[in-house]
$ cat upload_8.txt   # compact mmCIF, C-alpha atoms and all ligand atoms
# COMPACT_ATOMS: atom_id res chain seq x y z
CA MET B 1 0.00 0.00 0.00
CA HIS B 2 1.22 3.48 -0.80
CA LEU B 3 1.58 6.23 1.73
CA ASN B 4 1.13 9.20 -0.54
CA PRO B 5 3.04 12.39 0.37
CA TYR B 6 0.10 13.75 2.34
CA GLY B 7 -0.73 10.54 4.24
CA GLU B 8 -4.22 11.09 2.97
CA TYR B 9 -5.59 7.58 2.57
CA ALA B 10 -4.40 6.48 6.04
CA VAL B 11 -5.91 9.40 7.91
CA LEU B 12 -9.15 9.13 5.91
CA MET B 13 -9.27 5.41 6.73
CA ALA B 14 -8.83 6.20 10.42
CA ALA B 15 -11.70 8.69 10.25
CA SER B 16 -13.88 6.15 8.44
CA LEU B 17 -13.18 3.54 11.13
CA ALA B 18 -13.85 6.06 13.91
CA ASN B 19 -17.09 7.30 12.33
CA ASP B 20 -18.42 3.88 11.40
CA TRP B 21 -16.80 1.20 13.55
CA PRO B 22 -17.11 -2.28 11.98
CA GLU B 23 -18.91 -5.07 13.84
CA THR B 24 -16.24 -7.67 13.17
CA ARG B 25 -12.53 -8.14 12.50
CA GLU B 26 -13.47 -9.01 8.89
CA GLY B 27 -15.26 -5.67 8.64
CA ILE B 28 -12.10 -3.83 9.72
CA VAL B 29 -10.02 -5.75 7.18
CA ALA B 30 -12.62 -4.97 4.49
CA ARG B 31 -12.28 -1.27 5.33
CA THR B 32 -8.50 -1.43 4.86
CA ARG B 33 -9.23 -2.89 1.39
CA ASP B 34 -11.66 -0.03 0.66
CA PHE B 35 -8.79 2.38 1.28
CA GLY B 36 -6.35 0.52 -0.93
CA MET B 37 -4.44 -1.77 1.43
CA THR B 38 -3.66 -5.17 -0.08
CA MET B 39 -1.67 -7.08 2.54
CA GLU B 40 -2.85 -10.07 4.54
CA PHE B 41 -2.81 -9.52 8.29
CA ARG B 42 -1.42 -12.07 10.69
CA ALA B 43 -4.24 -13.15 13.04
CA GLY B 44 -3.89 -11.97 16.63
CA ALA B 45 -5.77 -13.02 19.77
CA ASP B 46 -8.05 -10.03 20.11
CA ASP B 47 -7.65 -8.05 16.92
CA ARG B 48 -10.94 -6.14 17.03
CA ALA B 49 -10.57 -4.89 20.62
CA ALA B 50 -6.89 -4.05 20.08
CA SER B 51 -7.76 -2.17 16.88
CA ARG B 52 -10.43 -0.22 18.80
CA ALA B 53 -7.74 0.76 21.33
CA VAL B 54 -5.60 2.07 18.45
CA LEU B 55 -8.56 4.18 17.25
CA ASP B 56 -9.25 5.50 20.76
CA GLU B 57 -5.60 6.59 21.08
CA TRP B 58 -5.89 8.31 17.70
CA LEU B 59 -9.10 10.08 18.82
CA ARG B 60 -7.07 11.70 21.62
CA VAL B 61 -4.93 13.28 18.87
CA VAL B 62 -8.11 14.29 17.01
CA ASP B 63 -9.57 15.97 20.12
CA GLU B 64 -6.36 17.75 21.14
CA ARG B 65 -6.48 21.26 19.69
CA ASP B 66 -3.16 22.59 20.97
CA PRO B 67 -0.55 21.90 18.23
CA GLN B 68 2.26 21.29 20.72
CA THR B 69 0.29 18.74 22.74
CA ARG B 70 -1.12 17.23 19.55
CA ALA B 71 2.45 16.73 18.29
CA SER B 72 3.52 15.16 21.60
CA LEU B 73 0.63 12.66 21.52
CA LEU B 74 1.43 11.78 17.92
CA ASN B 75 5.15 11.46 18.65
CA ALA B 76 4.35 8.97 21.40
CA ALA B 77 2.14 6.98 19.01
CA LEU B 78 4.87 7.01 16.36
CA ALA B 79 7.48 5.86 18.85
CA ALA B 80 5.26 2.97 19.95
CA ALA B 81 4.11 1.80 16.51
CA SER B 82 6.43 2.79 13.69
CA ALA B 83 9.88 1.55 12.70
CA TYR B 84 12.59 2.70 10.31
CA PRO B 85 11.34 2.82 6.70
CA ARG B 86 11.72 -0.30 4.56
CA LEU B 87 11.41 -0.83 0.82
CA THR B 88 8.85 -3.50 -0.06
CA ASP B 89 7.05 -4.78 -3.17
CA HIS B 90 4.38 -7.07 -1.66
CA ASP B 91 1.20 -8.10 -3.50
CA GLY B 92 2.35 -6.73 -6.84
CA GLU B 93 1.98 -3.11 -5.65
CA GLY B 94 5.36 -2.00 -6.92
CA TRP B 95 8.15 -0.76 -4.69
CA HIS B 96 7.07 1.46 -1.84
CA LEU B 97 7.93 2.26 1.76
CA HIS B 98 6.60 0.66 4.93
CA TYR B 99 7.25 2.45 8.21
CA ARG B 100 6.88 -0.68 10.32
CA ASP B 101 8.23 -4.15 10.99
CA THR B 102 7.25 -7.00 8.68
CA ASP B 103 4.63 -9.71 9.36
CA GLN B 104 2.38 -7.85 11.74
CA THR B 105 -1.10 -8.12 13.13
CA LEU B 106 -4.05 -5.92 12.13
CA PRO B 107 -3.91 -3.61 15.18
CA HIS B 108 -0.15 -3.14 14.91
CA VAL B 109 -0.33 -2.31 11.20
CA LEU B 110 -3.21 0.11 11.86
CA ALA B 111 -1.23 1.81 14.64
CA ALA B 112 1.81 2.30 12.36
CA VAL B 113 -0.09 3.35 9.23
CA ILE B 114 -2.47 5.69 11.05
CA SER B 115 0.22 7.42 13.13
CA VAL B 116 2.59 7.89 10.16
CA GLY B 117 -0.27 8.92 7.86
CA THR B 118 -1.61 11.43 10.39
CA ALA B 119 1.89 12.85 10.96
CA LEU B 120 2.36 13.31 7.19
CA HIS B 121 -1.11 14.82 6.79
CA LEU B 122 -0.69 17.35 9.63
CA THR B 123 2.86 18.38 8.73
CA THR B 124 2.16 18.82 5.02
CA ARG B 125 -1.41 20.18 5.09
CA GLY B 126 -1.42 21.92 8.45
CA MET B 127 -1.54 20.97 12.15
CA HIS B 128 -5.16 22.11 12.49
CA ARG B 129 -6.56 19.97 9.66
CA LEU B 130 -8.07 17.31 11.87
CA GLY B 131 -10.98 17.55 14.30
CA ARG B 132 -14.65 16.82 14.94
CA CYS B 133 -17.63 17.88 12.86
CA GLY B 134 -18.57 21.54 13.44
CA ALA B 135 -22.27 20.63 13.77
CA GLY B 136 -21.43 18.97 17.08
CA ASP B 137 -20.41 22.39 18.49
CA ASP B 138 -24.07 23.45 18.38
CA ALA B 139 -26.07 22.71 21.53
CA GLY B 140 -28.11 19.53 21.24
CA ASP B 141 -26.36 18.25 18.09
CA GLY B 142 -25.02 14.76 18.47
CA CYS B 143 -22.59 14.61 15.54
CA ARG B 144 -19.19 13.51 16.79
CA ASN B 145 -17.80 12.47 13.43
CA VAL B 146 -14.13 13.06 12.72
CA VAL B 147 -13.33 15.52 9.94
CA VAL B 148 -10.07 15.24 8.00
CA ASP B 149 -9.62 18.46 6.11
CA VAL B 150 -8.06 17.65 2.73
CA THR B 151 -9.62 20.62 0.93
CA ARG B 152 -7.53 23.07 -1.05
CA ASN B 153 -8.53 26.07 1.05
CA GLY B 154 -8.41 24.26 4.41
CA ARG B 155 -11.87 25.29 5.55
CA GLN B 156 -13.72 22.00 5.87
CA ARG B 157 -15.66 22.10 9.14
CA TYR B 158 -18.40 19.51 8.65
CA CYS B 159 -18.39 15.75 8.12
CA SER B 160 -21.13 15.92 5.48
CA VAL B 161 -23.31 18.25 3.45
CA ARG B 162 -26.17 17.22 5.75
CA CYS B 163 -24.36 18.49 8.85
CA ALA B 164 -23.28 21.71 7.07
CA ASN B 165 -26.89 22.40 6.04
CA ARG B 166 -28.29 21.61 9.49
CA SER B 167 -25.81 23.97 11.12
CA ALA B 168 -26.50 26.70 8.54
CA VAL B 169 -30.25 26.47 9.22
CA ARG B 170 -29.60 26.83 12.96
CA ARG B 171 -27.36 29.87 12.45
CA HIS B 172 -30.00 31.40 10.21
CA ARG B 173 -32.74 30.84 12.83
CA ALA B 174 -30.53 32.26 15.58
CA ARG B 175 -29.97 35.42 13.53
CA GLY B 176 -33.72 35.64 12.94
CA ARG B 177 -34.39 35.55 16.67
CA ILE B 178 -31.86 38.29 17.35
CA THR B 179 -33.30 40.68 14.71
CA ALA B 180 -36.90 39.89 15.73
CA SER B 181 -36.39 40.81 19.40
ZN ZN B 201 2.47 -1.86 1.40
ZN ZN B 202 -21.36 15.87 11.19
$ encode --input "upload_8.txt" --output "structure tokens" --more "lines below"
Ligand SMILES: [Zn+2]
Ligand SMILES: [Zn+2]
Amino acid sequence: MHLNPYGEYAVLMAASLANDWPETREGIVARTRDFGMTMEFRAGADDRAASRAVLDEWLRVVDERDPQTRASLLNAALAAASAYPRLTDHDGEGWHLHYRDTDQTLPHVLAAVISVGTALHLTTRGMHRLGRCGAGDDAGDGCRNVVVDVTRNGRQRYCSVRCANRSAVRRHRARGRITAS
């Protein structure tokens, strides 16, 4: 699998897993396929729970707004999961780099790929380009979806058009109340 220069697929995969957590280990593996990963994962004892723990650690990075602390959390994740880069040509993908040890389990691969991908994404696109859906900032709105901002202008606040519209309607109503009183 290819870590593109922006780490985009890995961080988008992490968001997809966080926003829609699969019911089974097979579901998690299927999601890695959706995002272009081709490798077989070595079976571990408790892959689904361990993968969830990887996602929960990543969500701490997502929810940390201070760049310095965000970097520290990510550095700790990188130190725990990644290894020196290696050239590999598995599954007919062509030569590319892996930032982890060979022959690893699903949670370990996720930890390495997600931490490296997130580090590349934040350092190339901007440290602020990861967070939760802006609709969730409004009182009574339950959206907690992760938003990975890969837009050109860096202004993506919502996880979906639906959330953007819902929030816009609320802002419009709030303005209406202010002018009416
Ligand atoms: Zn690969
Ligand atoms: Zn949303």
$ residues_near_ligand --input "upload_8.txt" --ligand "ligand ZN 201 (chain B)" --cutoff "8 Å" --atoms "all atoms listed in the file" --output "list in words"
Met1, His2, Met37, Thr38, Met39, Thr88, Asp89, His90, Glu93, His96, Leu97 and His98 of chain B
$ write_last_selection --input "upload_8.txt" --atoms "C-alpha atoms" --output "compact mmCIF listing (two decimals), keeping the file's coordinate frame"
# COMPACT_ATOMS: atom_id res chain seq x y z
CA MET B 1 0.00 0.00 0.00
CA HIS B 2 1.22 3.48 -0.80
CA MET B 37 -4.44 -1.77 1.43
CA THR B 38 -3.66 -5.17 -0.08
CA MET B 39 -1.67 -7.08 2.54
CA THR B 88 8.85 -3.50 -0.06
CA ASP B 89 7.05 -4.78 -3.17
CA HIS B 90 4.38 -7.07 -1.66
CA GLU B 93 1.98 -3.11 -5.65
CA HIS B 96 7.07 1.46 -1.84
CA LEU B 97 7.93 2.26 1.76
CA HIS B 98 6.60 0.66 4.93
$ residues_near_ligand --input "upload_8.txt" --ligand "ligand ZN 202 (chain B)" --cutoff "6 Å" --atoms "all atoms listed in the file" --output "CSV table (one decimal) with C-alpha atoms, keeping the file's coordinate frame"
chain,number,residue,atom,x,y,z
B,133,CYS,CA,-17.6,17.9,12.9
B,135,ALA,CA,-22.3,20.6,13.8
B,143,CYS,CA,-22.6,14.6,15.5
B,145,ASN,CA,-17.8,12.5,13.4
B,158,TYR,CA,-18.4,19.5,8.6
B,159,CYS,CA,-18.4,15.8,8.1
B,160,SER,CA,-21.1,15.9,5.5
B,163,CYS,CA,-24.4,18.5,8.8
$ atom_distance --input "upload_8.txt" --atom1 "CA of Arg132 in chain B" --atom2 "CA of Phe35 in chain B"
20.7 Å
$ atom_distance --input "upload_8.txt" --atom1 "CA of Gly142 in chain B" --atom2 "CA of Leu110 in chain B"
27.1 Å
$ atom_distance --input "upload_8.txt" --atom1 "CA of Gly126 in chain B" --atom2 "CA of Ala76 in chain B"
19.2 Å
$ closest_atom_pairs --input "upload_8.txt" --of "range 57-118 of chain B" --to "range 6-10 of chain B" --cutoff "10 Å" --atoms "all atoms listed in the file" --output "JSON lines"
{"residue": "B:Leu110", "atom": "CA", "partner": "B:Ala10", "partner_atom": "CA", "distance": 8.7}
{"residue": "B:Ala112", "atom": "CA", "partner": "B:Ala10", "partner_atom": "CA", "distance": 9.8}
{"residue": "B:Val113", "atom": "CA", "partner": "B:Ala10", "partner_atom": "CA", "distance": 6.2}
{"residue": "B:Ile114", "atom": "CA", "partner": "B:Ala10", "partner_atom": "CA", "distance": 5.4}
{"residue": "B:Ser115", "atom": "CA", "partner": "B:Ala10", "partner_atom": "CA", "distance": 8.5}
{"residue": "B:Val116", "atom": "CA", "partner": "B:Gly7", "partner_atom": "CA", "distance": 7.3}
{"residue": "B:Gly117", "atom": "CA", "partner": "B:Gly7", "partner_atom": "CA", "distance": 4.0}
{"residue": "B:Thr118", "atom": "CA", "partner": "B:Gly7", "partner_atom": "CA", "distance": 6.3}
$ residues_near_point --input "upload_8.txt" --point "(-5.9, 17.0, 11.8)" --cutoff "10 Å" --atoms "all atoms listed in the file" --output "ChimeraX atom specification"
/B:11,61-65,67,70,118-119,121-123,125-132,146-150
$ closest_residue --input "upload_8.txt" --among "B:Asp141, B:Arg25, B:Ala80, B:Arg42" --to "Glu57 in chain B" --atoms "only C-alpha atoms"
B:Ala80
$ build_atoms --input "upload_8.txt" --residues "range 78-89 of chain B" --atoms "N, CA and C atoms" --output "mmCIF file, in the coordinates of the input"
data_model
loop_
_atom_site.group_PDB
_atom_site.id
_atom_site.type_symbol
_atom_site.label_atom_id
_atom_site.label_comp_id
_atom_site.auth_asym_id
_atom_site.auth_seq_id
_atom_site.Cartn_x
_atom_site.Cartn_y
_atom_site.Cartn_z
ATOM 1 N N LEU B 78 3.867 7.392 17.353
ATOM 2 C CA LEU B 78 4.870 7.010 16.360
ATOM 3 C C LEU B 78 5.974 6.169 16.993
ATOM 4 N N ALA B 79 6.408 6.582 18.168
ATOM 5 C CA ALA B 79 7.480 5.860 18.850
ATOM 6 C C ALA B 79 7.044 4.437 19.187
ATOM 7 N N ALA B 80 5.763 4.286 19.543
ATOM 8 C CA ALA B 80 5.260 2.970 19.950
ATOM 9 C C ALA B 80 5.015 2.058 18.745
ATOM 10 N N ALA B 81 4.636 2.637 17.599
ATOM 11 C CA ALA B 81 4.110 1.800 16.510
ATOM 12 C C ALA B 81 4.995 1.724 15.272
ATOM 13 N N SER B 82 5.728 2.772 14.972
ATOM 14 C CA SER B 82 6.430 2.790 13.690
ATOM 15 C C SER B 82 7.850 2.283 13.853
ATOM 16 N N ALA B 83 8.490 2.007 12.715
ATOM 17 C CA ALA B 83 9.880 1.550 12.700
ATOM 18 C C ALA B 83 10.591 2.297 11.588
ATOM 19 N N TYR B 84 11.885 2.027 11.413
ATOM 20 C CA TYR B 84 12.590 2.700 10.310
ATOM 21 C C TYR B 84 11.970 2.267 8.975
ATOM 22 N N PRO B 85 11.987 3.144 7.981
ATOM 23 C CA PRO B 85 11.340 2.820 6.700
ATOM 24 C C PRO B 85 12.025 1.652 6.005
ATOM 25 N N ARG B 86 11.201 0.841 5.329
ATOM 26 C CA ARG B 86 11.720 -0.300 4.560
ATOM 27 C C ARG B 86 11.107 -0.284 3.169
ATOM 28 N N LEU B 87 11.920 -0.636 2.177
ATOM 29 C CA LEU B 87 11.410 -0.830 0.820
ATOM 30 C C LEU B 87 10.733 -2.190 0.733
ATOM 31 N N THR B 88 9.574 -2.235 0.096
ATOM 32 C CA THR B 88 8.850 -3.500 -0.060
ATOM 33 C C THR B 88 8.100 -3.501 -1.391
ATOM 34 N N ASP B 89 7.822 -4.705 -1.921
ATOM 35 C CA ASP B 89 7.050 -4.780 -3.170
ATOM 36 C C ASP B 89 5.988 -5.874 -3.075
#
